[in-house]
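Pasted below: query02.txt, compact mmCIF, C-alpha atoms and all ligand atoms.
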```txt
# COMPACT_ATOMS: atom_id res chain seq x y z
CA MET V 428 49.23 -7.11 3.06
CA ILE V 429 47.46 -4.29 4.88
CA PHE V 430 49.43 -5.17 8.00
CA ALA V 431 52.80 -4.89 6.23
CA GLU V 432 51.95 -1.44 4.88
CA ALA V 433 50.79 -0.27 8.29
CA SER V 434 54.06 -1.47 9.90
CA GLN V 435 56.00 0.62 7.41
CA ILE V 436 54.04 3.72 8.41
CA GLN V 437 54.92 3.02 12.04
CA CYS V 438 58.64 2.73 11.16
CA GLU V 439 58.64 6.03 9.33
CA VAL V 440 57.19 7.90 12.28
CA ALA V 441 59.42 6.14 14.82
CA GLY V 442 61.66 9.17 15.13
CA SER V 443 58.86 11.57 16.18
CA PRO V 444 58.16 12.48 19.83
CA THR V 445 56.93 9.55 21.90
CA GLY V 446 53.41 10.89 22.51
CA ARG V 447 52.77 11.33 18.82
CA PHE V 448 54.22 7.90 18.14
CA PHE V 449 51.79 6.20 20.50
CA ALA V 450 48.86 8.24 19.17
CA LEU V 451 49.71 7.12 15.66
CA LEU V 452 50.17 3.56 16.82
CA ARG V 453 46.69 3.63 18.39
CA MET V 454 45.26 5.14 15.23
CA THR V 455 46.91 2.49 13.09
CA GLY V 456 45.48 -0.15 15.37
CA TRP V 457 42.01 1.30 14.87
CA ILE V 458 42.44 1.40 11.10
CA LEU V 459 43.50 -2.25 11.17
CA ALA V 460 40.56 -3.18 13.40
CA LEU V 461 38.11 -1.38 11.12
CA ALA V 462 39.61 -2.91 7.98
CA TRP V 463 39.35 -6.33 9.55
CA ALA V 464 35.77 -5.80 10.72
CA SER V 465 34.48 -4.58 7.37
CA ALA V 466 36.31 -7.40 5.56
CA ALA V 467 34.69 -9.93 7.90
CA LEU V 468 31.18 -8.50 7.40
CA GLY V 469 31.61 -7.80 3.72
CA VAL V 470 29.29 -4.83 4.13
CA GLU V 471 29.82 -1.31 2.93
CA ARG V 472 28.07 1.82 4.07
CA ALA V 473 25.98 3.51 1.39
CA PRO V 474 27.63 6.74 0.28
CA ASP V 475 25.76 9.97 1.00
CA LYS V 476 23.40 11.06 -1.79
CA THR V 477 22.48 7.54 -2.86
CA VAL V 478 19.04 7.51 -4.48
CA VAL V 479 17.26 4.42 -5.83
CA LEU V 480 14.97 5.26 -8.76
CA THR V 481 12.01 2.92 -9.38
CA PHE V 482 9.19 3.09 -11.92
CA ASP V 483 6.09 0.91 -11.63
CA ASP V 484 3.36 -0.59 -13.79
CA ALA V 485 5.08 -0.71 -17.22
CA VAL V 486 3.72 2.64 -18.38
CA LYS V 487 4.66 3.54 -21.97
CA SER V 488 5.82 7.06 -21.05
CA GLN V 489 8.61 5.44 -19.02
CA VAL V 490 10.08 4.21 -22.31
CA THR V 491 9.43 7.38 -24.30
CA ASN V 492 10.12 10.06 -21.64
CA VAL V 493 11.89 8.59 -18.62
CA ALA V 494 14.55 6.26 -20.04
CA PRO V 495 16.11 8.78 -22.47
CA LEU V 496 16.35 11.44 -19.74
CA LEU V 497 17.97 9.04 -17.25
CA THR V 498 20.45 7.92 -19.92
CA GLU V 499 21.35 11.55 -20.57
CA TYR V 500 22.31 11.99 -16.90
CA GLY V 501 23.90 8.55 -16.57
CA PHE V 502 21.33 7.50 -13.95
CA SER V 503 20.40 3.88 -13.40
CA ALA V 504 16.90 2.75 -12.35
CA THR V 505 14.57 -0.21 -11.90
CA PHE V 506 11.42 -0.64 -13.99
CA PHE V 507 8.83 -2.91 -12.38
CA ILE V 508 6.90 -4.74 -15.08
CA THR V 509 3.38 -6.15 -14.85
CA GLN V 510 1.20 -7.62 -17.57
CA ARG V 511 -1.94 -6.16 -15.96
CA TRP V 512 -2.50 -3.23 -18.37
CA MET V 513 -0.47 -4.43 -21.37
CA ASP V 514 -3.57 -4.93 -23.52
CA ASP V 515 -3.62 -1.14 -23.74
CA GLN V 516 -0.62 -0.90 -26.09
CA VAL V 517 -0.99 2.86 -26.46
CA ARG V 518 -0.50 3.79 -22.83
CA PHE V 519 1.42 0.73 -21.58
CA MET V 520 4.56 -1.18 -22.55
CA SER V 521 4.89 -4.43 -24.40
CA TRP V 522 7.35 -7.14 -23.34
CA GLU V 523 9.58 -5.89 -26.15
CA ASP V 524 9.60 -2.43 -24.54
CA ALA V 525 10.81 -4.05 -21.31
CA ALA V 526 13.54 -5.79 -23.30
CA ALA V 527 14.57 -2.44 -24.80
CA LEU V 528 14.95 -0.95 -21.30
CA HIS V 529 17.06 -3.94 -20.28
CA GLY V 530 19.16 -3.37 -23.41
CA MET V 531 19.77 0.21 -22.25
CA GLY V 532 21.25 -1.14 -19.00
CA PHE V 533 18.27 -0.60 -16.71
CA GLU V 534 17.12 -3.18 -14.21
CA ILE V 535 13.86 -5.00 -14.95
CA GLY V 536 11.93 -6.01 -11.83
CA ASN V 537 8.90 -8.22 -11.32
CA HIS V 538 5.59 -6.51 -10.44
CA THR V 539 3.43 -9.67 -10.89
CA TRP V 540 1.14 -10.72 -13.75
CA THR V 541 -2.24 -9.49 -12.41
CA HIS V 542 -1.16 -6.65 -10.08
CA ASP V 543 -3.63 -8.09 -7.58
CA ASP V 544 -3.76 -7.27 -3.86
CA PHE V 545 -1.08 -9.66 -2.60
CA GLY V 546 -1.76 -8.61 0.96
CA LYS V 547 -4.66 -11.06 0.78
CA ALA V 548 -4.07 -14.69 1.69
CA GLU V 549 -5.56 -16.19 -1.49
CA ALA V 550 -3.59 -13.90 -3.80
CA GLY V 551 -0.44 -14.40 -1.70
CA ALA V 552 -0.69 -18.14 -2.21
CA ARG V 553 -0.72 -17.52 -5.97
CA LEU V 554 2.28 -15.19 -6.04
CA GLY V 555 4.88 -17.87 -6.85
CA ALA V 556 3.03 -18.82 -10.04
CA GLU V 557 2.61 -15.17 -11.04
CA LEU V 558 6.32 -14.46 -10.62
CA VAL V 559 7.13 -17.37 -12.93
CA ARG V 560 4.65 -16.18 -15.56
CA VAL V 561 6.36 -12.78 -15.75
CA GLU V 562 9.82 -14.39 -15.70
CA ARG V 563 8.86 -16.59 -18.68
CA GLU V 564 7.67 -13.66 -20.79
CA LEU V 565 10.83 -11.74 -19.93
CA ALA V 566 12.98 -14.74 -20.83
CA ARG V 567 11.17 -14.96 -24.17
CA VAL V 568 12.38 -11.42 -25.03
CA GLY V 569 15.88 -12.00 -23.63
CA VAL V 570 15.58 -10.38 -20.20
CA PRO V 571 17.24 -12.34 -17.37
CA ARG V 572 15.26 -13.52 -14.35
CA PRO V 573 14.62 -10.49 -12.10
CA VAL V 574 16.10 -10.29 -8.60
CA SER V 575 13.92 -7.33 -7.57
CA PHE V 576 10.22 -7.13 -6.85
CA ALA V 577 7.79 -4.31 -6.05
CA TRP V 578 4.72 -5.03 -3.94
CA PRO V 579 1.64 -4.22 -6.12
CA GLY V 580 -0.49 -1.51 -4.59
CA ASN V 581 2.10 -1.45 -1.78
CA SER V 582 0.02 -4.11 -0.05
CA LEU V 583 1.88 -6.69 2.07
CA GLY V 584 0.96 -10.13 3.32
CA PRO V 585 2.66 -13.08 5.06
CA GLU V 586 1.84 -15.62 2.31
CA ALA V 587 3.31 -13.38 -0.40
CA LEU V 588 6.43 -12.66 1.66
CA ALA V 589 7.01 -16.38 2.11
CA ALA V 590 6.52 -16.91 -1.65
CA LEU V 591 9.04 -14.19 -2.46
CA ARG V 592 11.65 -15.67 -0.12
CA GLY V 593 10.96 -19.11 -1.56
CA ALA V 594 11.43 -17.85 -5.12
CA GLY V 595 14.82 -16.39 -4.19
CA TYR V 596 14.07 -12.71 -4.78
CA ARG V 597 16.79 -10.55 -3.23
CA PHE V 598 15.13 -7.14 -3.04
CA ALA V 599 11.52 -6.02 -2.74
CA ARG V 600 10.24 -2.50 -2.47
CA ARG V 601 7.18 -1.69 -0.40
CA GLY V 602 5.34 1.65 -0.08
CA MET V 603 5.66 4.41 2.51
CA GLN V 604 3.10 2.61 4.70
CA PRO V 605 2.82 1.88 7.57
CA GLU V 606 5.03 4.86 8.51
CA VAL V 607 3.08 7.32 6.33
CA LYS V 608 -0.63 7.16 5.46
CA TYR V 609 -1.38 6.57 1.77
CA GLY V 610 -1.87 9.79 -0.18
CA GLU V 611 -0.13 12.09 2.30
CA ILE V 612 2.52 14.38 0.85
CA VAL V 613 5.17 14.01 3.54
CA PRO V 614 8.66 12.50 3.24
CA GLY V 615 8.51 8.74 3.73
CA PRO V 616 10.89 6.43 5.60
CA LEU V 617 14.52 6.18 4.46
CA TYR V 618 15.93 2.79 3.62
CA GLU V 619 18.36 1.64 6.32
CA PRO V 620 19.98 -1.65 5.26
CA GLY V 621 20.82 -2.52 8.87
CA LYS V 622 17.22 -2.04 9.95
CA HIS V 623 14.91 -3.08 7.09
CA ASP V 624 14.41 -6.55 5.67
CA PRO V 625 15.63 -6.52 2.02
CA LEU V 626 12.19 -7.79 0.97
CA LEU V 627 10.50 -4.89 2.79
CA ILE V 628 12.53 -1.93 1.53
CA PRO V 629 10.48 1.21 2.21
CA THR V 630 9.62 3.92 -0.30
CA SER V 631 10.99 7.26 0.87
CA GLY V 632 8.99 9.25 -1.66
CA ASP V 633 5.97 8.11 -3.67
CA GLY V 634 5.57 10.44 -6.67
CA TYR V 635 2.16 12.09 -6.55
CA PRO V 636 0.89 14.75 -8.98
CA GLY V 637 0.82 17.27 -6.11
CA TRP V 638 4.60 17.11 -5.62
CA THR V 639 6.65 20.27 -6.07
CA LEU V 640 10.40 20.64 -6.55
CA GLU V 641 10.58 21.90 -2.96
CA HIS V 642 8.96 18.72 -1.67
CA PHE V 643 11.22 16.61 -3.87
CA LYS V 644 14.27 18.29 -2.35
CA ARG V 645 12.96 17.61 1.16
CA VAL V 646 12.64 13.92 0.25
CA VAL V 647 16.03 13.39 -1.40
CA ASP V 648 18.21 15.70 0.70
CA ARG V 649 17.99 13.18 3.54
CA ALA V 650 20.19 10.62 1.73
CA ARG V 651 23.18 10.50 4.10
CA ASP V 652 24.71 8.63 7.05
CA GLY V 653 24.24 5.27 5.33
CA LYS V 654 20.53 5.95 4.76
CA ILE V 655 19.23 5.58 1.22
CA VAL V 656 16.39 7.42 -0.48
CA VAL V 657 14.11 5.12 -2.51
CA LEU V 658 11.82 6.90 -4.98
CA GLN V 659 8.71 5.38 -6.50
CA PHE V 660 7.25 6.78 -9.69
CA HIS V 661 4.53 5.65 -12.08
CA GLY V 662 3.99 7.13 -15.54
CA VAL V 663 5.61 10.41 -16.55
CA PRO V 664 2.86 11.28 -17.32
CA ASP V 665 0.43 8.52 -16.32
CA GLU V 666 -2.79 9.03 -18.28
CA ALA V 667 -4.42 5.79 -17.15
CA HIS V 668 -3.77 6.42 -13.44
CA PRO V 669 -3.86 10.20 -12.98
CA TRP V 670 -3.66 9.96 -9.18
CA VAL V 671 -0.04 8.81 -9.46
CA THR V 672 0.97 10.80 -12.53
CA THR V 673 4.13 12.89 -12.57
CA PRO V 674 4.03 15.71 -15.13
CA LEU V 675 7.02 15.56 -17.48
CA GLU V 676 8.01 19.17 -16.69
CA ARG V 677 8.21 18.39 -12.94
CA PHE V 678 10.13 15.18 -13.58
CA ARG V 679 12.70 17.07 -15.64
CA GLU V 680 13.18 19.48 -12.71
CA TYR V 681 13.63 16.59 -10.26
CA MET V 682 16.23 14.80 -12.40
CA ALA V 683 18.08 18.04 -13.15
CA TYR V 684 18.28 18.70 -9.40
CA LEU V 685 19.69 15.22 -8.71
CA ASN V 686 22.24 15.76 -11.46
CA GLN V 687 23.30 19.26 -10.36
CA GLU V 688 23.68 18.24 -6.74
CA GLY V 689 25.74 15.17 -7.59
CA PHE V 690 23.35 12.48 -6.39
CA ARG V 691 24.20 8.88 -7.25
CA CYS V 692 21.06 7.39 -8.83
CA VAL V 693 21.01 3.61 -8.90
CA ALA V 694 18.77 0.62 -9.55
CA LEU V 695 17.38 -1.33 -6.60
CA ARG V 696 19.74 -4.28 -7.18
CA GLU V 697 22.69 -1.94 -6.61
CA VAL V 698 22.02 -1.75 -2.85
CA GLU V 699 23.48 -5.29 -2.49
CA PRO V 700 26.89 -4.15 -1.10
CA TYR V 701 25.13 -2.45 1.85
CA ILE V 702 23.17 -5.52 2.93
CA ASP V 703 24.56 -7.91 5.51
CA ARG V 704 23.06 -11.18 4.26
CA ALA V 705 24.65 -13.14 7.09
CA HIS V 706 22.75 -11.22 9.76
CA ALA V 707 19.06 -10.54 9.12
CA PRO V 708 18.06 -7.09 10.38
CA ASP V 709 15.63 -6.91 13.25
CA ASP V 710 12.71 -5.59 11.18
CA PRO V 711 9.47 -5.54 13.21
CA LEU V 712 7.47 -5.54 9.98
CA ALA V 713 9.09 -8.82 8.90
CA GLU V 714 8.35 -10.18 12.34
CA THR V 715 4.66 -9.23 11.99
CA LEU V 716 4.49 -10.74 8.53
CA SER V 717 6.03 -14.03 9.63
CA ARG V 718 3.16 -14.69 12.02
CA PRO V 719 0.33 -16.82 10.66
CA ARG V 720 -2.72 -14.78 9.85
CA GLU V 721 -6.12 -15.19 11.50
CA THR V 722 -8.60 -15.58 8.70
CA ALA V 723 -11.56 -17.15 10.49
CA SER V 724 -12.94 -13.92 11.87
CA VAL V 725 -12.54 -10.28 10.90
CA GLY V 726 -11.46 -9.24 14.36
CA PRO V 727 -11.26 -10.44 17.91
CA ALA V 728 -14.44 -12.47 18.48
CA VAL V 729 -16.49 -10.39 16.05
CA ASP V 730 -18.27 -12.03 13.16
CA LYS V 731 -18.57 -10.09 9.90
CA ASN V 732 -22.38 -10.09 10.19
CA GLU V 733 -22.21 -8.55 13.66
CA VAL V 734 -20.31 -5.49 12.48
CA LEU V 735 -22.88 -3.71 10.33
CA PHE V 736 -26.50 -4.43 9.61
CA ILE V 737 -29.69 -2.64 8.76
CA LYS V 738 -33.30 -3.07 9.85
CA ALA V 739 -36.64 -1.72 8.73
CA VAL V 740 -39.00 -1.42 11.68
CA VAL V 741 -42.70 -0.41 11.75
CA ASP V 742 -44.82 0.27 14.83
CA LYS V 743 -47.76 -1.75 13.46
CA VAL V 744 -48.59 -3.95 10.45
CA ILE V 745 -52.40 -3.60 10.49
CA VAL V 746 -53.90 -0.13 10.43
CA ASN V 747 -57.19 1.58 9.74
CA GLU V 748 -57.54 3.76 6.68
CA GLY V 749 -56.05 7.20 7.45
CA GLU V 750 -54.04 5.89 10.40
CA PRO V 751 -50.28 6.47 9.98
CA VAL V 752 -47.52 3.86 10.28
CA MET V 753 -44.18 4.85 11.78
CA LEU V 754 -41.28 3.47 9.73
CA GLU V 755 -37.71 3.44 11.03
CA LEU V 756 -34.78 2.64 8.75
CA GLN V 757 -32.07 1.67 11.20
CA LEU V 758 -28.36 1.37 10.50
CA TRP V 759 -26.57 -0.60 13.24
CA ARG V 760 -22.82 0.00 13.51
CA ILE V 761 -20.74 -1.81 16.08
CA ILE V 762 -18.91 0.17 18.77
CA HIS V 763 -15.46 -1.45 18.83
CA LYS V 764 -11.97 -0.01 19.30
CA ASP V 765 -10.52 -1.87 16.29
CA ILE V 766 -13.38 -1.27 13.86
CA ALA V 767 -14.48 1.85 12.02
CA SER V 768 -17.37 1.88 9.59
CA GLY V 769 -19.40 4.18 7.39
CA PRO V 770 -21.17 4.55 4.07
CA PHE V 771 -19.26 3.72 0.93
CA ARG V 772 -18.21 6.90 -0.83
CA GLY V 773 -20.52 7.83 -3.70
CA SER V 774 -22.57 4.70 -3.36
CA GLY V 775 -26.23 3.95 -3.22
CA ILE V 776 -28.34 4.19 -0.16
CA LYS V 777 -31.68 3.30 -1.70
CA LEU V 778 -34.72 4.16 0.36
CA PRO V 779 -37.56 1.65 0.21
CA PRO V 780 -40.37 2.08 -2.31
CA THR V 781 -43.54 3.14 -0.47
CA GLU V 782 -46.23 3.04 -3.11
CA GLY V 783 -49.73 3.64 -1.75
CA PHE V 784 -48.51 5.79 1.13
CA ARG V 785 -48.16 9.51 1.54
CA VAL V 786 -44.74 9.99 3.15
CA GLU V 787 -43.83 12.51 5.81
CA ASP V 788 -40.10 12.67 6.60
CA LEU V 789 -39.21 13.18 10.24
CA GLU V 790 -35.97 14.32 11.87
CA PRO V 791 -33.34 11.57 11.86
CA THR V 792 -32.25 10.33 15.25
CA GLN V 793 -29.61 8.14 16.92
CA PHE V 794 -29.35 5.87 19.91
CA GLU V 795 -27.02 3.32 21.45
CA ALA V 796 -28.15 -0.26 21.96
CA LYS V 797 -26.89 -3.70 22.86
CA GLN V 798 -27.50 -6.81 20.83
CA GLY V 799 -25.91 -10.12 21.74
CA GLN V 800 -22.45 -9.41 23.16
CA GLN V 801 -21.97 -6.19 21.19
CA ARG V 802 -22.84 -2.53 21.60
CA TYR V 803 -24.04 -0.46 18.66
CA GLN V 804 -24.52 3.06 17.48
CA VAL V 805 -27.88 3.07 15.68
CA SER V 806 -28.68 5.82 13.15
CA VAL V 807 -32.35 6.13 12.36
CA ASN V 808 -34.09 7.62 9.35
CA ARG V 809 -37.74 8.09 10.38
CA LYS V 810 -40.84 8.41 8.21
CA ARG V 811 -44.54 8.64 8.93
CA LEU V 812 -46.52 6.79 6.26
CA TYR V 813 -50.21 7.56 5.61
CA PRO V 814 -52.02 4.85 3.62
CA THR V 815 -53.91 6.31 0.65
CA ARG V 816 -55.98 3.20 0.05
CA THR V 817 -57.07 0.02 1.70
CA GLY V 818 -55.77 -3.48 1.13
CA VAL V 819 -52.21 -4.81 1.42
CA LEU V 820 -49.55 -2.12 0.95
CA ARG V 821 -45.90 -2.93 0.64
CA ILE V 822 -42.89 -1.14 2.04
CA GLY V 823 -40.14 -2.38 -0.26
CA SER V 824 -36.63 -3.41 0.64
CA TRP V 825 -34.15 -0.68 1.53
CA HIS V 826 -30.52 -0.95 0.53
CA TRP V 827 -27.36 0.36 2.14
CA GLU V 828 -23.71 0.09 1.06
CA GLY V 829 -20.71 0.75 3.21
CA ILE V 830 -17.31 -0.35 4.42
CA ALA V 831 -15.79 -1.42 7.67
CA LEU V 832 -12.08 -1.01 8.42
CA PHE V 833 -10.43 -3.46 10.75
CA ALA V 834 -7.17 -2.77 12.47
CA ASN V 835 -5.43 -6.07 11.92
CA ALA V 836 -1.85 -6.82 12.79
CA ALA V 837 -1.54 -9.50 10.12
CA THR V 838 -2.27 -7.16 7.24
CA ILE V 839 -0.35 -3.94 7.12
CA GLY V 840 -2.49 -0.92 7.43
CA ARG V 841 -6.09 -1.91 7.71
CA LYS V 842 -8.30 -4.57 6.34
CA LYS V 843 -11.33 -3.28 4.48
CA VAL V 844 -14.60 -5.16 4.14
CA ARG V 845 -17.36 -3.96 1.86
CA TYR V 846 -20.99 -4.39 2.86
CA GLN V 847 -24.08 -4.41 0.64
CA LEU V 848 -27.12 -4.76 2.82
CA ASP V 849 -30.82 -5.16 2.06
CA ALA V 850 -33.64 -5.11 4.59
CA GLU V 851 -36.67 -7.35 4.24
CA PRO V 852 -39.78 -5.76 2.69
CA ILE V 853 -42.76 -5.25 4.99
CA GLU V 854 -46.46 -5.66 4.22
CA ILE V 855 -49.02 -3.41 5.86
CA ARG V 856 -52.72 -4.32 5.87
CA VAL V 857 -54.96 -1.30 5.67
CA VAL V 858 -58.55 -1.97 6.66
CA PRO V 859 -61.47 0.42 6.04
CA ALA V 860 -62.07 2.78 8.96
CA SER V 861 -65.59 1.43 9.43
CA MET V 862 -64.31 -2.08 10.08
CA PRO V 863 -62.65 -2.94 13.36
CA LYS V 864 -59.12 -4.26 13.13
CA PRO V 865 -59.04 -8.04 13.47
ZN ZN D 1 1.92 -1.04 -9.33
```
Take the structure in the file and write it out as structure tokens.
Amino acid sequence: MIFAEASQIQCEVAGSPTGRFFALLRMTGWILALAWASAALGVERAPDKTVVLTFDDAVKSQVTNVAPLLTEYGFSATFFITQRWMDDQVRFMSWEDAAALHGMGFEIGNHTWTHDDFGKAEAGARLGAELVRVERELARVGVPRPVSFAWPGNSLGPEALAALRGAGYRFARRGMQPEVKYGEIVPGPLYEPGKHDPLLIPTSGDGYPGWTLEHFKRVVDRARDGKIVVLQFHGVPDEAHPWVTTPLERFREYMAYLNQEGFRCVALREVEPYIDRAHAPDDPLAETLSRPRETASVGPAVDKNEVLFIKAVVDKVIVNEGEPVMLELQLWRIIHKDIASGPFRGSGIKLPPTEGFRVEDLEPTQFEAKQGQQRYQVSVNRKRLYPTRTGVLRIGSWHWEGIALFANAATIGRKKVRYQLDAEPIEIRVVPASMPKP
């Protein structure tokens, strides 16, 4: 059919000068070749100004504030539903609310039952069951089985990815990581259907309270050349999770801008025409996540207990009355290129009880040391303890809390391990000065 029409065009221009005729013939050939190629692939290029709108966590304000505004502008969107916070019926949706959004023409996506960290192996193994639980509740209120998924907490893992593929999900949205660090207000990666796995669609802009209209424009104005902007919002506003809230006034500005500038706002499932299902894109992230994970150790040949530990050290355990004891509270942190560690923010470092001693604090100090196969940075809190009576005195246990971050190819970003450490108490025998030490 296309060929017949093209032949007619050639006939009509047959009377023109020869050069022009051949130029047109070549052009027609190209048009035919392109038409044939795109028909064979069945893939379209996303029009410029295509923006995917997504809203996570089933926040009530998405029903009261977001949906009516989107409807006013004729925008489509995906709402990712989780049961996690639904007990709070004031600030979060019910299943019936999700059904109402579906009734308005919006896409309902699966955001799991528990909103757990599915980057972890154990949670990832459970994902299939969680998807079904959400699907059942949606079915109960008349919402069809979702085809889209959003990774909770933007955390990725190989087990969960396999579960998603197995369950037949067609689209899944991840966060701006690993391209952009969490919490940074910079434009995130654009979605390129030829480059990204459809189950690892990146977020191009994650709505933080610190966003301005200027930043929003920087994020969305990049939607061109077949690249799609994917926006991730939470509540508008989000009272339960203020770190991801978007004030309603700002949100109105953002949507008005999209409307004025003629952006095409769609749900995630509407990117289907741009995906070549016959040829999987060469997504390095998918490649990383298809490798089996090492779970036995936290890093290359490093045991968890070798990474961080504390010690309480005294220079002697039997002293004469009036003779001081030197106490060192040592924090041992491994020196390793893939491991960073430090105290847990706002958490307790409890110094040991030292009843029966008068305590003199000394300058803290540091040194490097080897133990086993590993090298350590040792931070030392030093005290001089003067016994105030004789008998057995006790230096109680000291407690330290912290985290270690492991660069780990199998989990995206970094793996975090929390430590709660206690040192053994120490007993000091104080003998009267007149008596020789045994
Ligand atoms: Zn979420």
Work out how far CA of Leu832 (chain V) is from CA of Pro852 (chain V), in Å to one decimal. 28.7 Å
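Near ligand ZN 1 (chain D), the residues found within 7 Å are Asp483, Asp484, His538, His542, Pro579 and Gly580 of chain V (criterion computed using only C-alpha atoms and all ligand atoms).
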Go ahead and save the picked residues with C-alpha atoms, as a PDB file, in the coordinates of the input.
```pdb
ATOM      1  CA  ASP V 483       6.090   0.910 -11.630  1.00  0.00           C
ATOM      2  CA  ASP V 484       3.360  -0.590 -13.790  1.00  0.00           C
ATOM      3  CA  HIS V 538       5.590  -6.510 -10.440  1.00  0.00           C
ATOM      4  CA  HIS V 542      -1.160  -6.650 -10.080  1.00  0.00           C
ATOM      5  CA  PRO V 579       1.640  -4.220  -6.120  1.00  0.00           C
ATOM      6  CA  GLY V 580      -0.490  -1.510  -4.590  1.00  0.00           C
TER       7      GLY V 580
END
```
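Of the residues under consideration (V:Lys842, V:His826, V:Arg785, V:Lys743), V:Lys743 shows the shortest atom-to-atom contact distance to Ile855 (chain V) when counting all atoms listed in the file.
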Pairwise distance, CA of Thr673 (chain V) with CA of Ser488 (chain V), equals 10.4 Å
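Across the model, the gap from CA of Asp515 (chain V) to CA of His529 (chain V) is 21.2 Å.
Using all atoms listed in the file, the shortest contact distance between Thr817 (chain V) and any of V:Val858, V:Leu789, V:Leu778, V:Val478 is found at V:Val858.
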Write out as a ChimeraX atom specification the residues lying within 10 Å of Val646 (chain V), counting all atoms listed in the file and excluding same-chain residues fewer than 3 positions away. /V:613-617,631-633,640-643,649-650,656-658
Would you mind telling me which residue in V:Gly501, V:Val729, V:Gln757, V:Asn537 lies nearest to Gln800 (chain V) when using all atoms listed in the file? V:Val729
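The nearest approach to His623 (chain V) among the residues V:Asp709, V:Glu666, V:Glu562, V:Glu680, with all atoms listed in the file taken into account, belongs to V:Asp709.
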Please provide as a PDB file with C-alpha atoms, keeping the file's coordinate frame all residues within 10 Å of Ala713 (chain V), with the sequence filter that same-chain residues fewer than 6 positions apart are discarded (counting all atoms listed in the file).
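Everything below was put into around04.pdb:
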```
ATOM      1  CA  GLY V 584       0.960 -10.130   3.320  1.00  0.00           C
ATOM      2  CA  PRO V 585       2.660 -13.080   5.060  1.00  0.00           C
ATOM      3  CA  LEU V 588       6.430 -12.660   1.660  1.00  0.00           C
ATOM      4  CA  HIS V 623      14.910  -3.080   7.090  1.00  0.00           C
ATOM      5  CA  ASP V 624      14.410  -6.550   5.670  1.00  0.00           C
ATOM      6  CA  PRO V 625      15.630  -6.520   2.020  1.00  0.00           C
ATOM      7  CA  LEU V 626      12.190  -7.790   0.970  1.00  0.00           C
ATOM      8  CA  LEU V 627      10.500  -4.890   2.790  1.00  0.00           C
TER       9      LEU V 627
END
```
Who sits within 12 Å of Glu676 (chain V), only C-alpha atoms, same chain under 3 positions skipped, as a PDB file with C-alpha atoms, in the coordinates of the input:
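The file below, around-v2.pdb, is the result:
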```pdb
ATOM      1  CA  ASN V 492      10.120  10.060 -21.640  1.00  0.00           C
ATOM      2  CA  VAL V 493      11.890   8.590 -18.620  1.00  0.00           C
ATOM      3  CA  LEU V 496      16.350  11.440 -19.740  1.00  0.00           C
ATOM      4  CA  PRO V 636       0.890  14.750  -8.980  1.00  0.00           C
ATOM      5  CA  TRP V 638       4.600  17.110  -5.620  1.00  0.00           C
ATOM      6  CA  THR V 639       6.650  20.270  -6.070  1.00  0.00           C
ATOM      7  CA  LEU V 640      10.400  20.640  -6.550  1.00  0.00           C
ATOM      8  CA  VAL V 663       5.610  10.410 -16.550  1.00  0.00           C
ATOM      9  CA  PRO V 664       2.860  11.280 -17.320  1.00  0.00           C
ATOM     10  CA  THR V 672       0.970  10.800 -12.530  1.00  0.00           C
ATOM     11  CA  THR V 673       4.130  12.890 -12.570  1.00  0.00           C
ATOM     12  CA  ARG V 679      12.700  17.070 -15.640  1.00  0.00           C
ATOM     13  CA  GLU V 680      13.180  19.480 -12.710  1.00  0.00           C
ATOM     14  CA  TYR V 681      13.630  16.590 -10.260  1.00  0.00           C
ATOM     15  CA  MET V 682      16.230  14.800 -12.400  1.00  0.00           C
ATOM     16  CA  ALA V 683      18.080  18.040 -13.150  1.00  0.00           C
TER      17      ALA V 683
END
```
Give me the residues near Val741 (chain V) as a PyMOL selection string, where near means some atom within 8 Å (using all atoms listed in the file) and where sequence neighbours in that chain fewer than 3 positions away do not count. chain V and resi 744+752-755
Keeping C-alpha atoms for every residue in the selection just given, could you write it to a file as a PDB file, in the coordinates of the input?
```pdb
ATOM      1  CA  VAL V 744     -48.590  -3.950  10.450  1.00  0.00           C
ATOM      2  CA  VAL V 752     -47.520   3.860  10.280  1.00  0.00           C
ATOM      3  CA  MET V 753     -44.180   4.850  11.780  1.00  0.00           C
ATOM      4  CA  LEU V 754     -41.280   3.470   9.730  1.00  0.00           C
ATOM      5  CA  GLU V 755     -37.710   3.440  11.030  1.00  0.00           C
TER       6      GLU V 755
END
```
Could you list, as a PyMOL selection string, every residue within 10 Å of Pro571 (chain V), counting only C-alpha atoms and ignoring same-chain residues fewer than 3 positions away? chain V and resi 526+529+534-536+562-563+565-568+574
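The nearest approach to Ala504 (chain V) among the residues V:Leu695, V:Ala831, V:Val740, V:Ala473, with all atoms listed in the file taken into account, belongs to V:Leu695.
For the set V:Gly593, V:Gly823, V:Pro751, V:Pro669, the residue with the smallest atom-to-atom gap to Pro779 (chain V) is V:Gly823, counting only C-alpha atoms.
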